[in-house]
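Okay, model14.pdb now, which holds PDB, C-alpha atoms, pLDDT in the B column:
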ATOM      1  CA  MET A  10     -16.292-120.508 -59.272  1.00 58.00           C
ATOM      2  CA  LYS A  11     -16.509-122.363 -55.948  1.00 62.00           C
ATOM      3  CA  LYS A  12     -12.997-121.240 -54.968  1.00 66.00           C
ATOM      4  CA  TRP A  13     -13.976-117.615 -55.547  1.00 67.00           C
ATOM      5  CA  ILE A  14     -17.072-117.968 -53.342  1.00 72.00           C
ATOM      6  CA  VAL A  15     -15.053-119.590 -50.545  1.00 66.00           C
ATOM      7  CA  HIS A  16     -12.320-116.958 -50.834  1.00 73.00           C
ATOM      8  CA  SER A  17     -14.738-114.022 -50.732  1.00 75.00           C
ATOM      9  CA  SER A  18     -16.603-115.584 -47.793  1.00 75.00           C
ATOM     10  CA  VAL A  19     -13.367-115.907 -45.820  1.00 72.00           C
ATOM     11  CA  VAL A  20     -12.438-112.291 -46.570  1.00 72.00           C
ATOM     12  CA  ALA A  21     -15.909-111.063 -45.547  1.00 70.00           C
ATOM     13  CA  LEU A  22     -15.767-113.067 -42.307  1.00 65.00           C
ATOM     14  CA  PHE A  23     -12.319-111.685 -41.487  1.00 66.00           C
ATOM     15  CA  LEU A  24     -13.511-108.106 -42.057  1.00 60.00           C
ATOM     16  CA  MET A  25     -16.575-108.612 -39.867  1.00 62.00           C
ATOM     17  CA  ILE A  26     -14.508-110.054 -37.006  1.00 61.00           C
ATOM     18  CA  SER A  27     -11.897-107.305 -37.205  1.00 58.00           C
ATOM     19  CA  LEU A  28     -14.525-104.548 -37.170  1.00 56.00           C
ATOM     20  CA  ILE A  29     -16.632-106.114 -34.431  1.00 64.00           C
ATOM     21  CA  GLY A  30     -13.738-107.253 -32.219  1.00 69.00           C
ATOM     22  CA  CYS A  31     -12.242-103.834 -31.468  1.00 78.00           C
ATOM     23  CA  GLU A  32     -13.172-100.203 -31.243  1.00 84.00           C
ATOM     24  CA  LYS A  33     -11.193 -97.166 -32.307  1.00 89.00           C
ATOM     25  CA  ARG A  34     -10.433 -94.533 -29.695  1.00 90.00           C
ATOM     26  CA  ASN A  35      -8.507 -91.296 -29.734  1.00 92.00           C
ATOM     27  CA  GLY A  36      -7.645 -88.483 -27.397  1.00 95.00           C
ATOM     28  CA  ASP A  37      -4.981 -86.287 -25.868  1.00 97.00           C
ATOM     29  CA  ALA A  38      -1.986 -87.781 -24.097  1.00 97.00           C
ATOM     30  CA  ILE A  39       1.261 -86.764 -22.408  1.00 97.00           C
ATOM     31  CA  VAL A  40       4.596 -88.279 -23.465  1.00 97.00           C
ATOM     32  CA  ILE A  41       6.052 -90.100 -20.447  1.00 97.00           C
ATOM     33  CA  GLY A  42       9.000 -91.831 -22.068  1.00 96.00           C
ATOM     34  CA  LYS A  43      10.837 -92.832 -25.225  1.00 97.00           C
ATOM     35  CA  ASP A  44      12.659 -96.042 -26.091  1.00 95.00           C
ATOM     36  CA  TYR A  45      14.871 -97.231 -28.931  1.00 93.00           C
ATOM     37  CA  VAL A  46      15.317-100.892 -29.876  1.00 91.00           C
ATOM     38  CA  ALA A  47      18.247-101.627 -32.192  1.00 87.00           C
ATOM     39  CA  ALA A  48      17.912-104.051 -35.077  1.00 87.00           C
ATOM     40  CA  VAL A  49      19.447-107.501 -34.754  1.00 87.00           C
ATOM     41  CA  LYS A  50      21.511-108.867 -37.609  1.00 83.00           C
ATOM     42  CA  GLN A  51      21.427-112.554 -38.422  1.00 80.00           C
ATOM     43  CA  GLY A  52      23.819-114.478 -36.200  1.00 78.00           C
ATOM     44  CA  GLU A  53      24.095-111.775 -33.502  1.00 81.00           C
ATOM     45  CA  GLU A  54      23.248-112.463 -29.891  1.00 80.00           C
ATOM     46  CA  ILE A  55      19.841-111.045 -28.960  1.00 79.00           C
ATOM     47  CA  LYS A  56      20.243-108.581 -26.090  1.00 79.00           C
ATOM     48  CA  ASP A  57      16.669-107.242 -26.088  1.00 80.00           C
ATOM     49  CA  GLU A  58      13.717-109.616 -26.436  1.00 81.00           C
ATOM     50  CA  ARG A  59      11.815-106.943 -28.422  1.00 81.00           C
ATOM     51  CA  ALA A  60      14.536-106.783 -31.084  1.00 81.00           C
ATOM     52  CA  THR A  61      13.632-107.630 -34.679  1.00 85.00           C
ATOM     53  CA  ASN A  62      15.384-107.260 -38.012  1.00 84.00           C
ATOM     54  CA  HIS A  63      14.557-103.516 -38.122  1.00 87.00           C
ATOM     55  CA  GLU A  64      15.039-100.584 -35.739  1.00 92.00           C
ATOM     56  CA  GLN A  65      12.125 -99.513 -33.558  1.00 93.00           C
ATOM     57  CA  TRP A  66      11.397 -96.097 -32.069  1.00 95.00           C
ATOM     58  CA  ILE A  67       8.784 -96.322 -29.320  1.00 96.00           C
ATOM     59  CA  VAL A  68       7.013 -93.483 -27.519  1.00 97.00           C
ATOM     60  CA  LYS A  69       5.157 -94.237 -24.278  1.00 97.00           C
ATOM     61  CA  VAL A  70       2.215 -91.942 -23.535  1.00 97.00           C
ATOM     62  CA  ARG A  71      -0.399 -91.641 -20.799  1.00 97.00           C
ATOM     63  CA  MET A  72      -3.919 -90.896 -21.985  1.00 95.00           C
ATOM     64  CA  LEU A  73      -5.455 -87.884 -20.223  1.00 95.00           C
ATOM     65  CA  ASP A  74      -9.068 -89.097 -20.233  1.00 92.00           C
ATOM     66  CA  ASN A  75      -8.581 -92.562 -18.702  1.00 91.00           C
ATOM     67  CA  GLY A  76      -4.946 -92.692 -17.473  1.00 92.00           C
ATOM     68  CA  ARG A  77      -4.144 -95.669 -19.699  1.00 92.00           C
ATOM     69  CA  THR A  78      -0.509 -96.083 -20.762  1.00 94.00           C
ATOM     70  CA  VAL A  79      -0.055 -96.718 -24.491  1.00 94.00           C
ATOM     71  CA  GLU A  80       3.088 -97.461 -26.507  1.00 94.00           C
ATOM     72  CA  ALA A  81       3.171 -96.079 -30.050  1.00 95.00           C
ATOM     73  CA  HIS A  82       5.733 -97.049 -32.682  1.00 94.00           C
ATOM     74  CA  VAL A  83       6.813 -93.944 -34.598  1.00 96.00           C
ATOM     75  CA  ASP A  84       9.393 -93.054 -37.233  1.00 95.00           C
ATOM     76  CA  ARG A  85      12.803 -91.710 -36.283  1.00 95.00           C
ATOM     77  CA  GLY A  86      12.034 -88.077 -37.153  1.00 95.00           C
ATOM     78  CA  GLN A  87       8.931 -87.981 -34.979  1.00 95.00           C
ATOM     79  CA  TRP A  88      10.782 -89.797 -32.156  1.00 96.00           C
ATOM     80  CA  GLU A  89      13.579 -87.208 -32.171  1.00 96.00           C
ATOM     81  CA  LYS A  90      11.142 -84.243 -32.091  1.00 96.00           C
ATOM     82  CA  LEU A  91       9.081 -85.479 -29.139  1.00 96.00           C
ATOM     83  CA  ARG A  92      10.153 -84.715 -25.566  1.00 96.00           C
ATOM     84  CA  GLU A  93       8.842 -85.941 -22.235  1.00 95.00           C
ATOM     85  CA  SER A  94       5.771 -83.992 -21.062  1.00 95.00           C
ATOM     86  CA  ASP A  95       4.826 -83.004 -24.658  1.00 96.00           C
ATOM     87  CA  ARG A  96       1.086 -83.122 -25.301  1.00 97.00           C
ATOM     88  CA  VAL A  97       0.074 -85.210 -28.331  1.00 97.00           C
ATOM     89  CA  LYS A  98      -3.035 -86.633 -29.994  1.00 97.00           C
ATOM     90  CA  VAL A  99      -3.163 -90.431 -30.092  1.00 96.00           C
ATOM     91  CA  ALA A 100      -5.426 -92.817 -32.007  1.00 95.00           C
ATOM     92  CA  TYR A 101      -5.531 -96.495 -31.051  1.00 92.00           C
ATOM     93  CA  ARG A 102      -7.710 -99.599 -31.146  1.00 91.00           C
ATOM     94  CA  VAL A 103      -8.878-101.486 -28.067  1.00 89.00           C
ATOM     95  CA  GLY A 104     -10.072-105.086 -28.031  1.00 84.00           C
ATOM     96  CA  LYS A 105     -13.661-105.199 -26.779  1.00 81.00           C
ATOM     97  CA  TYR A 106     -13.212-108.397 -24.817  1.00 79.00           C
ATOM     98  CA  SER A 107      -9.545-108.357 -23.804  1.00 81.00           C
ATOM     99  CA  GLY A 108      -8.903-104.609 -23.483  1.00 82.00           C
ATOM    100  CA  THR A 109      -5.657-105.043 -25.423  1.00 86.00           C
ATOM    101  CA  VAL A 110      -4.362-101.914 -27.170  1.00 87.00           C
ATOM    102  CA  TRP A 111      -3.461-102.334 -30.846  1.00 83.00           C
ATOM    103  CA  ASP A 112      -2.165-100.082 -33.558  1.00 86.00           C
ATOM    104  CA  ALA A 113      -1.420 -96.929 -31.530  1.00 92.00           C
ATOM    105  CA  GLU A 114      -0.513 -93.909 -33.639  1.00 92.00           C
ATOM    106  CA  ILE A 115       0.575 -90.400 -32.689  1.00 95.00           C
ATOM    107  CA  LYS A 116      -1.034 -87.792 -34.933  1.00 88.00           C
TER     108      LYS A 116
END
As structure tokens - that is how I would like this structure written.
Amino acid sequence: MKKWIVHSSVVALFLMISLIGCEKRNGDAIVIGKDYVAAVKQGEEIKDERATNHEQWIVKVRMLDNGRTVEAHVDRGQWEKLRESDRVKVAYRVGKYSGTVWDAEIK
């Protein structure tokens, strides 16, 4: 019984911090660049510090309302369709205290 109370209290605290610590924003943006990061296999030399064990397709956009540059991780199909200067809708989270952008998504 006590373990359940402690567990649910920790979960509730985590949810409160995550909801209070950032705010969700969205708006129109212009695609300013695209980048591909290849996956690294175990034992290979790492050529790109962003490399992980899976491929990454990254789209860099500039928000029209505030000029902020945001990087969004997208799937391969969406990455191939987008071109520089395309207009897209972007949703992202911003840390209230640090201003850090998290979880950017192109809609």
(message) Using all atoms listed in the file, can you tell me which of A:Glu58, A:Asp84, A:Glu93, A:Asp74 comes closest to Ile115 (chain A)?
(response) A:Asp84
(request) Would you list the contacts of Val99 (chain A) as a VMD selection string, taking every protein, DNA or RNA residue within 10 Å and counting all atoms listed in the file, but skipping same-chain residues closer than 3 positions in sequence? (result) chain A and resid 34 to 39 70 to 72 79 81 96 113 to 116
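The neighbours of Ile67 (chain A) here are the residues that come within 6 Å of it, using all atoms listed in the file and leaving out any residue fewer than 3 positions away in the same chain; they are Lys43, Asp44, Ala81 and His82 of chain A.
Distance check against Leu73 (chain A) using only C-alpha atoms: of A:Leu91, A:Gly52, A:Arg59, A:Val97, the minimum falls on A:Val97.
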(message) I'd like the residues picked by the PyMOL selection byres ((chain A and resi 49) around 6) written out as JSON, numbers by chain, using the chain letters and numbers from the file.
(response) {"A": [48, 50, 61, 62]}
Restrict the selected residues to C-alpha atoms and save them as an mmCIF file, keeping the file's coordinate frame.
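New file part_10.cif:
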data_model
loop_
_atom_site.group_PDB
_atom_site.id
_atom_site.type_symbol
_atom_site.label_atom_id
_atom_site.label_comp_id
_atom_site.auth_asym_id
_atom_site.auth_seq_id
_atom_site.Cartn_x
_atom_site.Cartn_y
_atom_site.Cartn_z
ATOM 1 C CA ALA A 48 17.912 -104.051 -35.077
ATOM 2 C CA LYS A 50 21.511 -108.867 -37.609
ATOM 3 C CA THR A 61 13.632 -107.630 -34.679
ATOM 4 C CA ASN A 62 15.384 -107.260 -38.012
#
(request) Find the spatial neighbours of Trp66 (chain A), counting only C-alpha atoms, within a cut-off of 7 Å - ignore same-chain residues fewer than 2 positions away - and output them as a ChimeraX atom specification. (result) /A:44-46,64,68,82-85,88
Store the residues picked out above, limited to C-alpha atoms, as a PDB file, keeping the file's coordinate frame.
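Output file selection.pdb follows:
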ATOM      1  CA  ASP A  44      12.659 -96.042 -26.091  1.00 95.00           C
ATOM      2  CA  TYR A  45      14.871 -97.231 -28.931  1.00 93.00           C
ATOM      3  CA  VAL A  46      15.317-100.892 -29.876  1.00 91.00           C
ATOM      4  CA  GLU A  64      15.039-100.584 -35.739  1.00 92.00           C
ATOM      5  CA  VAL A  68       7.013 -93.483 -27.519  1.00 97.00           C
ATOM      6  CA  HIS A  82       5.733 -97.049 -32.682  1.00 94.00           C
ATOM      7  CA  VAL A  83       6.813 -93.944 -34.598  1.00 96.00           C
ATOM      8  CA  ASP A  84       9.393 -93.054 -37.233  1.00 95.00           C
ATOM      9  CA  ARG A  85      12.803 -91.710 -36.283  1.00 95.00           C
ATOM     10  CA  TRP A  88      10.782 -89.797 -32.156  1.00 96.00           C
TER      11      TRP A  88
END
(message) Just to confirm, what's the straight-line distance from CA of Gly42 (chain A) to CA of Thr78 (chain A) in Å (one decimal)?
(response)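 A separation of 10.5 Å between them.
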(request) Find the distance between CA of Arg102 (chain A) and CA of Glu32 (chain A) and write it in Å to one decimal. (result) 5.5 Å
